[in-house]
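Working notes, structure below.
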Amino acid sequence: MNEFLPHISQLIQSTLKGFSFLLQELVLVLTFILVILADLISHAKRSAWAYRICIAGIFLSTGVGFIQNSDIARVTLFDNSLILDSTSIAFKYIFSAVTILFAIFIRFHKPLQNHRKGVGDLYMLLPAVLIGLNLMSMASSLLMIYLSVEMVSIASYLMVGYASADKRQTEAAMKYALFGSICSAVMLYGMSLLYGFTGTLNIIDPVFLNRLDLISDPAVALAIVLVLVGIGFKLSFVPLHFWSPDVYEGAPTPVTAFLSTAPKIAGFAILIRFLEPFLLPAQSYKLPDLFDFRAVLSVVAIVTMILGNFSAIWQNNVKRMLAYSSIGHTGFALMALIAFEGSGFSSLIIYFIIYAIMNMAAFMLVDKVADHTGSTDIRTYKGLGKVLKVEFVCFVIVLVALTGLPPTAGFIAKLFVFSSAFEYYAASDSIWALGLLITGAVATVISLFYYLKIPLYAYLKNSEAAVAVHVKRDFLTVVIVFLTFLLILYGLFPGLLS
């Protein structure tokens, strides 16, 4: 027993040191506890105190993280299970911003506020899911990848099914939970194979790659594909996209906005960590000939862009249309990831910042229009542009940004992605990179056909009956205008994004 005492002491010291770099997450743990207590003590449908504590806790954790992480280059924590570096820090800021917008969205969403269950439990989930998202951005071991993904997945399942109002929403929650569970099981099996091959859970350990080099190519390729299935569920790229349109349509609009933004971006953070040992040129490991990461991801990105954008054309439900649009945007983000070195990383981060702003604003506008009309069908938008003037001016700007046209930030986001892909093509002369560039350009043109359907109905088509809408604006309208302003500001002055 005595021979283990030095190791126990070393382990305790390592753990305490690791926690000292996770003050941001510790503040979120405290926020989680306080939100539960606030909801229990002052239980009410609107859960005002739970909302305030949740928002204050997330702001505080972000401020603590900003102060603590300002001079950190790269730190490994808990025996290399987590990596805190500039990439994970950037992702953390994006997650915090999206979660704050999500909390505000819940606060001003009437169906959730009026639901018999109240919204206290939803506010309770926000600090917990933010902890999971942060861990996803830092995870560098197979075990931590799985645990962080499951933290976010379980919270997401609860959000989708929390306020089930009809059969459609219940069906969406069941589809999401069942399909997610299957993908998680497949991913866990792939991880178990990798652990069996290498004897280590740490994917940045040189032993991990060296021992994989001793295993037959088909076995390694199978294990990697199984892990990518679980990650692909979060990203909803083809062919793991089937759940996305039904869940996005059936879930409450604030939950849809959150699912299409934060967990998707976190999925890319996990994918970056998983690909890093295989694709960095400093590594000596040679991938199996039958599994070229860039070739496989290029095919996935091309098919995802084509299917996502073409499927969106035929949608009349705006939430389903934005779901397929989100699938198409996944393909664009994969284009930046395939470049990996050079400007690929910075392009990806900039793309996600702008994508988060565009997506949250789009779904907030969908909810504002549905609040006035009671419908999410684009065909009911006839003539509304003359009534909901502020909302539809913002809607048009957001849709122009989603398309990727100047002078909005959406144009800057796609310009960075295309530039990184072209840089990779010029350096490697890869046929896959050329295919990505062509497909991305075609997909951008196709997206015009479905994004412009909304202003077409709102401004150029008249309703058969008189449009009688009582315009009532609240703080959510202010948030929408602010996000729209950011899209124009970053479009005109892209240097601010740096």
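Every chain in the structure tokens takes a letter, A first, then B, and so on in the order presented; its residues are numbered from 1, and the ligands are numbered from 1 following the presented order.
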inquiry  = Can you pull out the residues contacting Leu28 (chain A)? Cut-off 9 Å, using only C-alpha atoms, and skip same-chain residues under 5 positions away; I want them as a VMD selection string.
reply    = chain A and resid 23 33 54 57 to 58 60 to 61 127 to 128 130 to 131
Sel. of strand (DSSP E) residues, region 81-228 of chain A, as a PyMOL selection string:
chain A and resi 82-85
For C-alpha atoms, I'd like the residues from the last selection saved as a PDB file, in the first residue's frame.
ATOM      1  CA  LEU A  82      -8.603  18.184 -21.221  1.00  0.00           C
ATOM      2  CA  ILE A  83      -6.754  20.811 -23.242  1.00  0.00           C
ATOM      3  CA  LEU A  84      -7.241  24.504 -22.534  1.00  0.00           C
ATOM      4  CA  ASP A  85      -5.953  26.550 -25.469  1.00  0.00           C
TER       5      ASP A  85
END
Notebook entry, point to check: Do you know which residues are at most 6 Å from Gly132 (chain A) counting only C-alpha atoms, after dropping those on the same chain fewer than 2 positions away, and could you put them as a PyMOL selection string?
Noted result: chain A and resi 129-130+134-135+148+151-152
Taking the DSSP assignment computed from this structure's backbone, write out as a compact mmCIF listing (two decimals) with C-alpha atoms, in the first residue's frame all residues of region 49-105 of chain A that belong to helix (DSSP H, G or I).
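out-v2.txt, freshly written:
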# COMPACT_ATOMS: atom_id res chain seq x y z
CA TRP A 49 -35.49 34.55 -9.94
CA ALA A 50 -34.28 31.40 -11.68
CA TYR A 51 -33.92 33.41 -14.90
CA ARG A 52 -31.99 36.22 -13.23
CA ILE A 53 -29.62 33.90 -11.40
CA CYS A 54 -29.06 31.84 -14.56
CA ILE A 55 -28.20 34.92 -16.65
CA ALA A 56 -26.03 36.43 -13.90
CA GLY A 57 -24.18 33.14 -13.37
CA ILE A 58 -23.38 32.70 -17.06
CA PHE A 59 -22.19 36.32 -17.34
CA LEU A 60 -20.05 35.87 -14.22
CA SER A 61 -18.54 32.61 -15.49
CA THR A 62 -17.72 34.26 -18.83
CA GLY A 63 -16.06 37.19 -17.04
CA VAL A 64 -14.06 34.83 -14.82
CA GLY A 65 -12.98 32.86 -17.89
CA PHE A 66 -11.96 36.06 -19.69
CA ILE A 67 -9.76 37.15 -16.78
CA GLN A 68 -8.27 33.69 -16.16
CA SER A 86 -6.98 29.44 -27.70
CA THR A 87 -9.31 27.22 -29.73
CA SER A 88 -11.26 25.92 -26.73
CA ILE A 89 -11.39 29.41 -25.19
CA ALA A 90 -12.89 30.84 -28.39
CA PHE A 91 -15.50 28.09 -28.46
CA LYS A 92 -16.36 28.76 -24.80
CA TYR A 93 -17.16 32.40 -25.54
CA ILE A 94 -19.44 31.36 -28.40
CA PHE A 95 -21.26 28.83 -26.19
CA SER A 96 -21.76 31.39 -23.42
CA ALA A 97 -23.19 33.97 -25.83
CA VAL A 98 -25.58 31.45 -27.42
CA THR A 99 -26.75 30.20 -24.01
CA ILE A 100 -27.47 33.75 -22.82
CA LEU A 101 -29.49 34.41 -25.98
CA PHE A 102 -31.30 31.11 -25.41
CA ALA A 103 -32.24 32.13 -21.85
CA ILE A 104 -33.59 35.48 -23.09
CA PHE A 105 -35.49 33.66 -25.84
query = Any idea what's packed within 12 Å of Glu150 (chain A), counting only C-alpha atoms, ignoring anything in its chain fewer than 2 positions away? Could you give it as a PyMOL selection string?
reply = chain A and resi 128-129+131-133+135-136+143-148+152-157+177+180-181+183-185+187-188+230-231+233-234+263+267
Those same residues, written as an mmCIF file, in the first residue's frame with N, CA and C atoms?
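Writing the result to result39.cif gives the following:
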data_model
loop_
_atom_site.group_PDB
_atom_site.id
_atom_site.type_symbol
_atom_site.label_atom_id
_atom_site.label_comp_id
_atom_site.auth_asym_id
_atom_site.auth_seq_id
_atom_site.Cartn_x
_atom_site.Cartn_y
_atom_site.Cartn_z
ATOM 1 N N ALA A 128 -25.948 23.553 -16.747
ATOM 2 C CA ALA A 128 -25.471 22.170 -16.903
ATOM 3 C C ALA A 128 -25.050 21.894 -18.340
ATOM 4 N N VAL A 129 -25.885 22.311 -19.285
ATOM 5 C CA VAL A 129 -25.550 22.046 -20.685
ATOM 6 C C VAL A 129 -24.348 22.887 -21.113
ATOM 7 N N ILE A 131 -21.786 23.627 -19.188
ATOM 8 C CA ILE A 131 -20.620 22.881 -18.699
ATOM 9 C C ILE A 131 -20.245 21.786 -19.698
ATOM 10 N N GLY A 132 -21.256 21.047 -20.175
ATOM 11 C CA GLY A 132 -21.003 19.994 -21.160
ATOM 12 C C GLY A 132 -20.412 20.534 -22.444
ATOM 13 N N LEU A 133 -20.932 21.668 -22.908
ATOM 14 C CA LEU A 133 -20.411 22.279 -24.133
ATOM 15 C C LEU A 133 -18.951 22.703 -23.961
ATOM 16 N N LEU A 135 -16.780 21.438 -21.882
ATOM 17 C CA LEU A 135 -15.951 20.235 -21.816
ATOM 18 C C LEU A 135 -15.759 19.627 -23.205
ATOM 19 N N MET A 136 -16.776 19.717 -24.058
ATOM 20 C CA MET A 136 -16.636 19.231 -25.432
ATOM 21 C C MET A 136 -15.534 19.983 -26.169
ATOM 22 N N LEU A 143 -12.639 9.026 -23.277
ATOM 23 C CA LEU A 143 -13.617 9.002 -22.192
ATOM 24 C C LEU A 143 -14.255 10.372 -22.000
ATOM 25 N N MET A 144 -13.451 11.414 -22.009
ATOM 26 C CA MET A 144 -13.987 12.760 -21.809
ATOM 27 C C MET A 144 -14.844 13.188 -22.996
ATOM 28 N N ILE A 145 -14.464 12.775 -24.192
ATOM 29 C CA ILE A 145 -15.299 13.063 -25.368
ATOM 30 C C ILE A 145 -16.684 12.465 -25.184
ATOM 31 N N TYR A 146 -16.722 11.210 -24.773
ATOM 32 C CA TYR A 146 -18.015 10.536 -24.612
ATOM 33 C C TYR A 146 -18.835 11.177 -23.494
ATOM 34 N N LEU A 147 -18.225 11.440 -22.343
ATOM 35 C CA LEU A 147 -18.955 12.002 -21.206
ATOM 36 C C LEU A 147 -19.503 13.391 -21.532
ATOM 37 N N SER A 148 -18.710 14.216 -22.178
ATOM 38 C CA SER A 148 -19.167 15.572 -22.499
ATOM 39 C C SER A 148 -20.283 15.543 -23.538
ATOM 40 N N VAL A 152 -24.347 16.896 -22.911
ATOM 41 C CA VAL A 152 -25.101 17.799 -23.785
ATOM 42 C C VAL A 152 -26.308 17.078 -24.389
ATOM 43 N N SER A 153 -26.133 15.809 -24.761
ATOM 44 C CA SER A 153 -27.219 15.056 -25.398
ATOM 45 C C SER A 153 -28.399 14.872 -24.454
ATOM 46 N N ILE A 154 -28.132 14.454 -23.226
ATOM 47 C CA ILE A 154 -29.218 14.215 -22.267
ATOM 48 C C ILE A 154 -29.978 15.507 -21.988
ATOM 49 N N ALA A 155 -29.248 16.609 -21.802
ATOM 50 C CA ALA A 155 -29.918 17.898 -21.596
ATOM 51 C C ALA A 155 -30.753 18.284 -22.816
ATOM 52 N N SER A 156 -30.240 18.003 -24.015
ATOM 53 C CA SER A 156 -30.975 18.325 -25.246
ATOM 54 C C SER A 156 -32.247 17.501 -25.354
ATOM 55 N N TYR A 157 -32.184 16.210 -25.010
ATOM 56 C CA TYR A 157 -33.388 15.368 -25.029
ATOM 57 C C TYR A 157 -34.459 15.940 -24.106
ATOM 58 N N ALA A 177 -34.294 11.276 -29.049
ATOM 59 C CA ALA A 177 -33.688 10.466 -27.994
ATOM 60 C C ALA A 177 -33.263 9.091 -28.511
ATOM 61 N N GLY A 180 -30.399 9.453 -31.112
ATOM 62 C CA GLY A 180 -29.207 9.892 -30.400
ATOM 63 C C GLY A 180 -28.594 8.783 -29.573
ATOM 64 N N SER A 181 -29.435 7.973 -28.933
ATOM 65 C CA SER A 181 -28.935 6.867 -28.118
ATOM 66 C C SER A 181 -28.219 5.830 -28.973
ATOM 67 N N CYS A 183 -26.745 6.336 -31.906
ATOM 68 C CA CYS A 183 -25.470 6.907 -32.376
ATOM 69 C C CYS A 183 -24.428 6.942 -31.259
ATOM 70 N N SER A 184 -24.875 7.223 -30.032
ATOM 71 C CA SER A 184 -23.947 7.228 -28.895
ATOM 72 C C SER A 184 -23.387 5.829 -28.641
ATOM 73 N N ALA A 185 -24.264 4.830 -28.759
ATOM 74 C CA ALA A 185 -23.821 3.448 -28.555
ATOM 75 C C ALA A 185 -22.807 3.037 -29.625
ATOM 76 N N MET A 187 -20.843 5.083 -31.303
ATOM 77 C CA MET A 187 -19.612 5.816 -31.024
ATOM 78 C C MET A 187 -18.835 5.161 -29.883
ATOM 79 N N LEU A 188 -19.540 4.745 -28.842
ATOM 80 C CA LEU A 188 -18.874 4.113 -27.707
ATOM 81 C C LEU A 188 -18.207 2.807 -28.116
ATOM 82 N N GLY A 230 -21.073 8.927 -34.075
ATOM 83 C CA GLY A 230 -21.561 9.666 -32.917
ATOM 84 C C GLY A 230 -21.350 11.161 -33.054
ATOM 85 N N ILE A 231 -20.202 11.556 -33.585
ATOM 86 C CA ILE A 231 -19.940 12.982 -33.784
ATOM 87 C C ILE A 231 -20.853 13.540 -34.880
ATOM 88 N N PHE A 233 -23.832 12.719 -35.564
ATOM 89 C CA PHE A 233 -25.183 12.950 -35.050
ATOM 90 C C PHE A 233 -25.307 14.380 -34.560
ATOM 91 N N LYS A 234 -24.295 14.858 -33.831
ATOM 92 C CA LYS A 234 -24.321 16.233 -33.340
ATOM 93 C C LYS A 234 -24.251 17.232 -34.487
ATOM 94 N N PRO A 263 -24.946 22.961 -29.761
ATOM 95 C CA PRO A 263 -24.462 21.579 -29.868
ATOM 96 C C PRO A 263 -23.795 21.275 -31.207
ATOM 97 N N GLY A 267 -20.053 20.062 -31.627
ATOM 98 C CA GLY A 267 -19.702 18.865 -32.390
ATOM 99 C C GLY A 267 -18.465 19.094 -33.250
#
If we count only C-alpha atoms, what is near Ile354 (chain A) at a cut-off of 9 Å, once residues fewer than 6 positions away on the same chain are taken out, given as a VMD selection string?
chain A and resid 401 409 to 410 412 to 413 486 to 487 490
From the list A:Ala361, A:Thr261, A:Ala333, A:Glu249, the nearest residue to Glu171 (chain A) using only C-alpha atoms is A:Glu249
*Near Lys382 (chain A), counting only C-alpha atoms, which residues have an atom at most 8 Å away, once you skip same-chain residues fewer than 2 positions from it, shown as a ChimeraX atom specification?*
/A:379-380,384-385,457-463
Quick one: contact table of region 246-273 of chain A to region 108-124 of chain A, 12 Å max, nearest atom pair and distance in Å to one decimal per residue, counting only C-alpha atoms, chain and number order, as CSV?
residue,atom,partner,partner_atom,distance
A:Ala251,CA,A:Leu112,CA,11.0
A:Pro252,CA,A:Leu112,CA,7.8
A:Thr253,CA,A:His109,CA,8.4
A:Pro254,CA,A:His109,CA,7.5
A:Val255,CA,A:Leu122,CA,9.8
- Item | Atom pair CA of Ile224 (chain A) / CA of Arg74 (chain A): separation (Å) |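 Separation between CA of Ile224 (chain A) and CA of Arg74 (chain A): 26.2 Å.
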Neighbours of region 311-320 of chain A within 7 Å (only C-alpha atoms; same-chain residues fewer than 5 positions away dropped), as a PDB file with N, CA and C atoms, in the first residue's frame?
ATOM      1  N   PRO A 245     -34.810  17.680 -39.376  1.00  0.00           N
ATOM      2  CA  PRO A 245     -36.005  18.452 -39.755  1.00  0.00           C
ATOM      3  C   PRO A 245     -37.199  18.196 -38.841  1.00  0.00           C
ATOM      4  N   TYR A 248     -36.463  19.772 -35.332  1.00  0.00           N
ATOM      5  CA  TYR A 248     -36.478  21.234 -35.405  1.00  0.00           C
ATOM      6  C   TYR A 248     -37.902  21.757 -35.539  1.00  0.00           C
ATOM      7  N   GLU A 249     -38.731  21.051 -36.304  1.00  0.00           N
ATOM      8  CA  GLU A 249     -40.116  21.490 -36.490  1.00  0.00           C
ATOM      9  C   GLU A 249     -40.941  21.252 -35.229  1.00  0.00           C
ATOM     10  N   SER A 325     -31.497  24.207 -44.100  1.00  0.00           N
ATOM     11  CA  SER A 325     -30.474  25.238 -44.277  1.00  0.00           C
ATOM     12  C   SER A 325     -29.303  24.997 -43.333  1.00  0.00           C
ATOM     13  N   THR A 376     -46.212  28.926 -38.587  1.00  0.00           N
ATOM     14  CA  THR A 376     -44.832  28.952 -39.080  1.00  0.00           C
ATOM     15  C   THR A 376     -44.777  28.599 -40.570  1.00  0.00           C
ATOM     16  N   ASP A 377     -45.932  28.644 -41.228  1.00  0.00           N
ATOM     17  CA  ASP A 377     -46.003  28.367 -42.661  1.00  0.00           C
ATOM     18  C   ASP A 377     -45.679  29.639 -43.433  1.00  0.00           C
ATOM     19  N   ILE A 378     -44.745  29.534 -44.362  1.00  0.00           N
ATOM     20  CA  ILE A 378     -44.318  30.711 -45.124  1.00  0.00           C
ATOM     21  C   ILE A 378     -45.481  31.311 -45.912  1.00  0.00           C
ATOM     22  N   ARG A 379     -46.426  30.479 -46.337  1.00  0.00           N
ATOM     23  CA  ARG A 379     -47.548  30.967 -47.141  1.00  0.00           C
ATOM     24  C   ARG A 379     -48.485  31.881 -46.361  1.00  0.00           C
ATOM     25  N   PHE A 449     -33.016  30.626 -53.683  1.00  0.00           N
ATOM     26  CA  PHE A 449     -34.370  30.230 -54.071  1.00  0.00           C
ATOM     27  C   PHE A 449     -35.274  30.004 -52.864  1.00  0.00           C
ATOM     28  N   TYR A 450     -34.727  29.551 -51.747  1.00  0.00           N
ATOM     29  CA  TYR A 450     -35.612  29.330 -50.590  1.00  0.00           C
ATOM     30  C   TYR A 450     -35.533  30.457 -49.561  1.00  0.00           C
TER      31      TYR A 450
END
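For the set A:Leu456, A:Leu212, A:Ala336, A:Ala370, the residue with the smallest atom-to-atom gap to Lys414 (chain A) is A:Ala336, counting only C-alpha atoms.
Comparing A:Leu399, A:Val445, A:Leu77, A:Met335 by their smallest distance to Leu348 (chain A), the closest is A:Met335 (using only C-alpha atoms).
For the pair CA of Phe242 (chain A) and CA of Leu228 (chain A), the separation is 16.0 Å.
Across the structure, CA of Gly161 (chain A) and CA of Arg107 (chain A) are spaced 17.9 Å apart.
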